[in-house]
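Peer 1: So that you have it, the file is protein_37.cif, and it contains mmCIF, C-alpha atoms and all ligand atoms:
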```cif
data_my_file
#
loop_
_atom_site.group_PDB
_atom_site.id
_atom_site.type_symbol
_atom_site.label_atom_id
_atom_site.label_comp_id
_atom_site.auth_asym_id
_atom_site.auth_seq_id
_atom_site.Cartn_x
_atom_site.Cartn_y
_atom_site.Cartn_z
ATOM 1 C CA MET V 1 -7.144 -13.373 -24.484
ATOM 2 C CA LEU V 2 -9.208 -15.519 -22.131
ATOM 3 C CA TYR V 3 -6.002 -17.329 -21.220
ATOM 4 C CA ILE V 4 -4.331 -14.080 -20.223
ATOM 5 C CA VAL V 5 -7.329 -12.900 -18.226
ATOM 6 C CA LEU V 6 -7.468 -16.212 -16.386
ATOM 7 C CA ALA V 7 -3.753 -16.078 -15.688
ATOM 8 C CA LEU V 8 -4.043 -12.529 -14.350
ATOM 9 C CA PHE V 9 -6.986 -13.556 -12.210
ATOM 10 C CA LEU V 10 -5.053 -16.456 -10.747
ATOM 11 C CA LEU V 11 -2.026 -14.307 -10.175
ATOM 12 C CA ALA V 12 -4.071 -11.698 -8.341
ATOM 13 C CA LEU V 13 -5.797 -14.373 -6.304
ATOM 14 C CA VAL V 14 -2.617 -16.027 -5.225
ATOM 15 C CA PHE V 15 -1.044 -12.734 -4.205
ATOM 16 C CA PHE V 16 -3.896 -12.233 -1.772
ATOM 17 C CA TRP V 17 -3.873 -15.808 -0.712
ATOM 18 C CA GLN V 18 -0.809 -17.187 1.007
ATOM 19 C CA SER V 19 1.229 -14.080 1.466
ATOM 20 C CA ASN V 20 1.440 -14.033 5.252
ATOM 21 C CA ARG V 21 2.534 -17.626 5.515
ATOM 22 C CA GLN V 22 5.096 -17.290 2.758
ATOM 23 C CA ARG V 23 6.477 -14.057 4.072
ATOM 24 C CA LYS V 24 7.091 -15.500 7.490
ATOM 25 C CA ALA V 25 8.809 -18.510 5.959
ATOM 26 C CA ALA V 26 10.936 -16.508 3.575
ATOM 27 C CA GLY V 27 11.745 -13.427 5.613
ATOM 28 C CA LEU V 28 10.677 -11.144 2.771
ATOM 29 C CA PRO V 29 12.306 -7.758 2.431
ATOM 30 C CA GLY V 30 9.999 -5.031 3.647
ATOM 31 C CA GLY V 31 10.899 -2.528 0.961
ATOM 32 C CA ARG V 32 13.194 0.516 1.061
ATOM 33 C CA LEU V 33 11.674 3.954 1.026
ATOM 34 C CA ILE V 34 13.162 5.926 -1.857
ATOM 35 C CA TYR V 35 12.586 9.027 -3.940
ATOM 36 C CA THR V 36 11.780 8.521 -7.615
ATOM 37 C CA ASP V 37 11.412 10.918 -10.507
ATOM 38 C CA THR V 38 8.404 9.913 -12.601
ATOM 39 C CA ARG V 39 9.794 11.605 -15.728
ATOM 40 C CA GLY V 40 11.175 8.904 -17.976
ATOM 41 C CA TRP V 41 8.832 6.185 -16.793
ATOM 42 C CA GLY V 42 7.741 4.213 -19.849
ATOM 43 C CA LYS V 43 4.389 2.500 -20.332
ATOM 44 C CA LEU V 44 4.195 -1.051 -21.633
ATOM 45 C CA GLU V 45 2.233 -1.849 -24.772
ATOM 46 C CA LYS V 46 1.268 -5.371 -23.720
ATOM 47 C CA PRO V 47 1.708 -7.787 -20.814
ATOM 48 C CA LEU V 48 4.922 -9.717 -20.282
ATOM 49 C CA PHE V 49 4.645 -13.490 -20.489
ATOM 50 C CA TYR V 50 6.852 -16.367 -19.366
ATOM 51 C CA ALA V 51 5.595 -19.627 -20.829
ATOM 52 C CA ALA V 52 7.604 -22.007 -18.629
ATOM 53 C CA LEU V 53 5.681 -20.825 -15.557
ATOM 54 C CA GLU V 54 2.512 -19.781 -17.427
ATOM 55 C CA LEU V 55 3.044 -16.444 -15.766
ATOM 56 C CA THR V 56 1.895 -13.153 -17.169
ATOM 57 C CA GLY V 57 1.629 -9.630 -15.842
ATOM 58 C CA LYS V 58 1.852 -6.015 -16.880
ATOM 59 C CA PRO V 59 3.849 -3.614 -14.721
ATOM 60 C CA ASP V 60 2.416 -0.117 -14.799
ATOM 61 C CA TYR V 61 5.771 1.246 -15.952
ATOM 62 C CA LEU V 62 9.297 0.186 -16.794
ATOM 63 C CA ILE V 63 12.235 2.445 -16.013
ATOM 64 C CA GLU V 64 15.500 2.146 -17.915
ATOM 65 C CA LYS V 65 18.305 3.235 -15.671
ATOM 66 C CA ASN V 66 22.046 2.608 -16.008
ATOM 67 C CA GLY V 67 21.420 -0.292 -18.359
ATOM 68 C CA GLN V 68 18.888 -1.875 -16.026
ATOM 69 C CA ILE V 69 15.134 -2.260 -16.388
ATOM 70 C CA ILE V 70 13.105 -1.596 -13.253
ATOM 71 C CA PRO V 71 9.405 -2.537 -13.078
ATOM 72 C CA VAL V 72 6.981 -0.196 -11.304
ATOM 73 C CA GLU V 73 3.642 -1.044 -9.743
ATOM 74 C CA VAL V 74 1.389 1.952 -9.048
ATOM 75 C CA LYS V 75 -1.064 1.795 -6.140
ATOM 76 C CA SER V 76 -3.800 4.362 -5.864
ATOM 77 C CA GLY V 77 -3.963 4.398 -2.075
ATOM 78 C CA ARG V 78 -1.708 5.987 0.502
ATOM 79 C CA ALA V 79 1.351 4.024 1.543
ATOM 80 C CA PRO V 80 1.262 1.656 4.516
ATOM 81 C CA ASP V 81 4.211 1.698 6.921
ATOM 82 C CA ALA V 82 5.708 -1.073 4.834
ATOM 83 C CA PRO V 83 4.479 -2.594 1.568
ATOM 84 C CA TYR V 84 1.891 -5.338 1.875
ATOM 85 C CA ASP V 85 3.133 -8.855 1.214
ATOM 86 C CA SER V 86 0.823 -9.119 -1.772
ATOM 87 C CA HIS V 87 2.386 -6.003 -3.306
ATOM 88 C CA ILE V 88 5.885 -7.380 -2.713
ATOM 89 C CA TYR V 89 5.012 -10.613 -4.486
ATOM 90 C CA GLN V 90 3.442 -8.712 -7.336
ATOM 91 C CA VAL V 91 6.604 -6.676 -7.876
ATOM 92 C CA ALA V 92 8.714 -9.827 -7.548
ATOM 93 C CA ALA V 93 6.654 -11.451 -10.305
ATOM 94 C CA TYR V 94 7.256 -8.412 -12.491
ATOM 95 C CA CYS V 95 10.992 -8.623 -11.804
ATOM 96 C CA LEU V 96 10.952 -12.259 -12.860
ATOM 97 C CA LEU V 97 9.027 -11.413 -16.034
ATOM 98 C CA VAL V 98 11.425 -8.580 -16.856
ATOM 99 C CA GLU V 99 14.412 -10.883 -16.385
ATOM 100 C CA LYS V 100 12.951 -13.587 -18.610
ATOM 101 C CA THR V 101 11.807 -11.138 -21.278
ATOM 102 C CA TYR V 102 14.784 -8.791 -21.506
ATOM 103 C CA LYS V 103 17.523 -11.149 -20.215
ATOM 104 C CA LYS V 104 18.449 -8.636 -17.537
ATOM 105 C CA ARG V 105 17.813 -9.217 -13.874
ATOM 106 C CA PRO V 106 16.347 -6.131 -12.164
ATOM 107 C CA PRO V 107 18.089 -5.476 -8.842
ATOM 108 C CA TYR V 108 14.782 -4.235 -7.451
ATOM 109 C CA GLY V 109 11.225 -3.260 -8.346
ATOM 110 C CA LEU V 110 9.277 -0.194 -7.266
ATOM 111 C CA ILE V 111 5.913 0.219 -5.569
ATOM 112 C CA HIS V 112 4.582 3.701 -6.150
ATOM 113 C CA TYR V 113 1.928 4.651 -3.599
ATOM 114 C CA GLN V 114 0.009 7.906 -3.619
ATOM 115 C CA ASN V 115 2.373 9.578 -1.153
ATOM 116 C CA ARG V 116 5.655 7.659 -1.311
ATOM 117 C CA ASP V 117 7.605 4.939 -3.037
ATOM 118 C CA PHE V 118 9.296 1.756 -1.894
ATOM 119 C CA ALA V 119 12.041 -0.239 -3.576
ATOM 120 C CA VAL V 120 11.754 -3.994 -3.125
ATOM 121 C CA ASP V 121 15.076 -5.775 -3.605
ATOM 122 C CA TYR V 122 14.750 -8.697 -5.986
ATOM 123 C CA THR V 123 16.914 -11.096 -4.019
ATOM 124 C CA ARG V 124 17.443 -14.785 -4.719
ATOM 125 C CA GLU V 125 15.461 -15.480 -1.539
ATOM 126 C CA LEU V 126 12.513 -13.448 -2.768
ATOM 127 C CA GLU V 127 12.668 -15.179 -6.138
ATOM 128 C CA GLU V 128 12.662 -18.606 -4.491
ATOM 129 C CA SER V 129 9.751 -17.630 -2.307
ATOM 130 C CA LEU V 130 7.835 -16.444 -5.352
ATOM 131 C CA LEU V 131 8.549 -19.704 -7.191
ATOM 132 C CA ASP V 132 7.320 -21.663 -4.165
ATOM 133 C CA LEU V 133 4.159 -19.600 -4.143
ATOM 134 C CA LEU V 134 3.546 -20.175 -7.838
ATOM 135 C CA ALA V 135 4.132 -23.906 -7.386
ATOM 136 C CA ASP V 136 1.593 -23.951 -4.548
ATOM 137 C CA MET V 137 -0.842 -22.085 -6.763
ATOM 138 C CA LYS V 138 -0.362 -24.601 -9.544
ATOM 139 C CA ARG V 139 -0.893 -27.481 -7.145
ATOM 140 C CA ASP V 140 -4.071 -25.999 -5.706
ATOM 141 C CA GLU V 141 -5.646 -24.420 -8.765
ATOM 142 C CA HIS V 142 -8.114 -27.273 -9.247
ATOM 143 C CA LYS V 143 -9.225 -27.381 -5.632
ATOM 144 C CA ASN V 144 -12.771 -26.268 -5.031
ATOM 145 C CA GLU V 145 -11.846 -24.375 -1.913
ATOM 146 C CA VAL V 146 -8.665 -22.684 -0.721
ATOM 147 C CA PRO V 147 -8.775 -21.442 2.874
ATOM 148 C CA ARG V 148 -8.364 -17.765 3.668
ATOM 149 C CA SER V 149 -4.814 -17.059 4.850
ATOM 150 C CA HIS V 150 -5.395 -13.912 6.922
ATOM 151 C CA GLU V 151 -7.652 -12.205 9.482
ATOM 152 C CA GLN V 152 -7.625 -8.727 7.967
ATOM 153 C CA ALA V 153 -11.098 -7.362 7.326
ATOM 154 C CA ALA V 154 -9.600 -4.277 5.688
ATOM 155 C CA ARG V 155 -8.002 -6.442 3.057
ATOM 156 C CA CYS V 156 -11.339 -8.057 2.256
ATOM 157 C CA MET V 157 -12.962 -4.617 2.059
ATOM 158 C CA LYS V 158 -10.639 -3.684 -0.780
ATOM 159 C CA CYS V 159 -10.608 -7.074 -2.463
ATOM 160 C CA GLY V 160 -11.988 -7.377 -5.983
ATOM 161 C CA PHE V 161 -13.329 -10.858 -5.210
ATOM 162 C CA ARG V 162 -15.322 -9.974 -2.099
ATOM 163 C CA LYS V 163 -18.683 -10.267 -3.852
ATOM 164 C CA VAL V 164 -18.045 -13.880 -4.762
ATOM 165 C CA CYS V 165 -15.852 -14.932 -1.842
ATOM 166 C CA ASP V 166 -17.621 -16.873 0.903
ATOM 167 C CA GLN V 167 -14.685 -16.391 3.285
ATOM 168 C CA ARG V 168 -14.642 -12.618 3.309
ATOM 169 C CA LEU V 169 -14.306 -10.791 6.614
ATOM 170 C CA MET V 170 -16.789 -7.917 6.906
HETATM 171 S S1 LIG F 201 -12.648 -11.306 0.137
HETATM 172 FE FE1 LIG F 201 -11.051 -11.537 1.700
HETATM 173 S S2 LIG F 201 -10.881 -13.763 2.004
HETATM 174 FE FE2 LIG F 201 -11.967 -13.439 0.058
HETATM 175 S S3 LIG F 201 -10.376 -13.471 -1.527
HETATM 176 FE FE3 LIG F 201 -10.690 -11.330 -0.935
HETATM 177 S S4 LIG F 201 -9.143 -10.950 0.661
HETATM 178 FE FE4 LIG F 201 -9.328 -13.184 0.450
#
```
Please, can you express the file's structure as C-alpha cells?
Peer 2:
Amino acid sequence: MLYIVLALFLLALVFFWQSNRQRKAAGLPGGRLIYTDTRGWGKLEKPLFYAALELTGKPDYLIEKNGQIIPVEVKSGRAPDAPYDSHIYQVAAYCLLVEKTYKKRPPYGLIHYQNRDFAVDYTRELEESLLDLLADMKRDEHKNEVPRSHEQAARCMKCGFRKVCDQRLM
C-alpha cells in the first residue's frame, strides 16, 4: 500500500513538475472539446499498475465504447481554455495503463471539467513524451531538490504540496 501511495505521490509531483518544458518540446495536443454522456461511465475497483515502468494510477472512470476502453479524469474546477499540461500527462498515463492492462490502446482519454469535457488524443508523440517524462522522473527521484518549472502562482495556490514546498509562488 505504501508503495502505491508513494508511486501516486511521485506521479502527481512529476505532472506538476516539468510539464511546460515537455509540452513545448513535444508539441502536445491541446485537447478537443467534445460532448459526453455520463451514463455508462464505470468506476474502477482498484488502481491500474504497470510493473515495467513502476507506474500506477486510477482513472475516475472507464468508458467502454465500440470495443474500446476510454479513461476519464474528473476535475472539480471549471474548464480552462485548453487543458493544463499536467492534466494532459495524467490522462496520457491512464491511456498507457489501460493499454498495458487490457491490451487495447485507447485512441484518446477524457478530461471532465465542471462545465465541459476535452478529449486528448493518445498519439505516439504524446506517449513518447510521457515516457521521456517518466524517465526524467526516475533519474531525478533521488535528488534532494528539483527546480520549479513554471511561474504560475495560481498553480501553486491549488497545489497539494504547497505547505511543504519551499519553491511555491504566493
Ligand atoms: S507549490 Fe508550486 S512550485 Fe511547489 S510543487 Fe506545488 S506547483 Fe510546484
Peer 1: Can you translate the PyMOL selection byres (((not hetatm)) within 6 of (chain F and resi 201)) into the concrete residues it hits in this file, as a PyMOL selection string?
Peer 2: chain V and resi 16+148+155-156+159+161-162+165+167-169
Peer 1: With C-alpha atoms retained, write the just-selected residues as a compact mmCIF listing (two decimals), in the frame of the given file.
Peer 2:
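Output below, filename result_11.txt:
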```
# COMPACT_ATOMS: atom_id res chain seq x y z
CA PHE V 16 -3.90 -12.23 -1.77
CA ARG V 148 -8.36 -17.76 3.67
CA ARG V 155 -8.00 -6.44 3.06
CA CYS V 156 -11.34 -8.06 2.26
CA CYS V 159 -10.61 -7.07 -2.46
CA PHE V 161 -13.33 -10.86 -5.21
CA ARG V 162 -15.32 -9.97 -2.10
CA CYS V 165 -15.85 -14.93 -1.84
CA GLN V 167 -14.68 -16.39 3.28
CA ARG V 168 -14.64 -12.62 3.31
CA LEU V 169 -14.31 -10.79 6.61
```
Peer 1: For region 62-75 of chain V, find every residue with an atom within 12 Å (counting all atoms listed in the file), except residues of its own chain fewer than 4 positions away, and show them as a short mmCIF file (atom, residue, chain, number, x, y, z; two decimals) with C-alpha atoms, keeping the file's coordinate frame.
Peer 2:
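Output saved as result.cif:
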```
data_model
loop_
_atom_site.label_atom_id
_atom_site.label_comp_id
_atom_site.auth_asym_id
_atom_site.auth_seq_id
_atom_site.Cartn_x
_atom_site.Cartn_y
_atom_site.Cartn_z
CA THR V 36 11.78 8.52 -7.62
CA ASP V 37 11.41 10.92 -10.51
CA THR V 38 8.40 9.91 -12.60
CA ARG V 39 9.79 11.60 -15.73
CA GLY V 40 11.18 8.90 -17.98
CA TRP V 41 8.83 6.18 -16.79
CA GLY V 42 7.74 4.21 -19.85
CA LYS V 43 4.39 2.50 -20.33
CA LEU V 44 4.20 -1.05 -21.63
CA GLU V 45 2.23 -1.85 -24.77
CA LYS V 46 1.27 -5.37 -23.72
CA PRO V 47 1.71 -7.79 -20.81
CA LEU V 48 4.92 -9.72 -20.28
CA GLY V 57 1.63 -9.63 -15.84
CA LYS V 58 1.85 -6.02 -16.88
CA ALA V 79 1.35 4.02 1.54
CA PRO V 80 1.26 1.66 4.52
CA PRO V 83 4.48 -2.59 1.57
CA TYR V 84 1.89 -5.34 1.88
CA SER V 86 0.82 -9.12 -1.77
CA HIS V 87 2.39 -6.00 -3.31
CA ILE V 88 5.88 -7.38 -2.71
CA TYR V 89 5.01 -10.61 -4.49
CA GLN V 90 3.44 -8.71 -7.34
CA VAL V 91 6.60 -6.68 -7.88
CA ALA V 92 8.71 -9.83 -7.55
CA ALA V 93 6.65 -11.45 -10.30
CA TYR V 94 7.26 -8.41 -12.49
CA CYS V 95 10.99 -8.62 -11.80
CA LEU V 96 10.95 -12.26 -12.86
CA LEU V 97 9.03 -11.41 -16.03
CA VAL V 98 11.42 -8.58 -16.86
CA GLU V 99 14.41 -10.88 -16.39
CA LYS V 100 12.95 -13.59 -18.61
CA THR V 101 11.81 -11.14 -21.28
CA TYR V 102 14.78 -8.79 -21.51
CA LYS V 103 17.52 -11.15 -20.22
CA LYS V 104 18.45 -8.64 -17.54
CA ARG V 105 17.81 -9.22 -13.87
CA PRO V 106 16.35 -6.13 -12.16
CA PRO V 107 18.09 -5.48 -8.84
CA TYR V 108 14.78 -4.24 -7.45
CA GLY V 109 11.22 -3.26 -8.35
CA LEU V 110 9.28 -0.19 -7.27
CA ILE V 111 5.91 0.22 -5.57
CA HIS V 112 4.58 3.70 -6.15
CA TYR V 113 1.93 4.65 -3.60
CA GLN V 114 0.01 7.91 -3.62
CA ASN V 115 2.37 9.58 -1.15
CA ARG V 116 5.66 7.66 -1.31
CA ASP V 117 7.60 4.94 -3.04
CA PHE V 118 9.30 1.76 -1.89
CA ALA V 119 12.04 -0.24 -3.58
CA VAL V 120 11.75 -3.99 -3.12
CA ASP V 121 15.08 -5.78 -3.60
CA TYR V 122 14.75 -8.70 -5.99
#
```
Peer 1: Do you have the CA of Leu55 (chain V)-CA of Lys163 (chain V) distance handy?
Peer 2: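 CA of Lys163 (chain V) lies 25.5 Å from CA of Leu55 (chain V).
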Peer 1: What does the structure give for the distance between CA of Glu141 (chain V) and CA of Phe49 (chain V), in Å to one decimal?
Peer 2: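 Those two atoms sit 19.0 Å apart.
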Peer 1: Between CA of Ala153 (chain V) and CA of Arg78 (chain V), what is the distance, to one decimal in Å?
Peer 2: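 These two atoms are separated by 17.7 Å.
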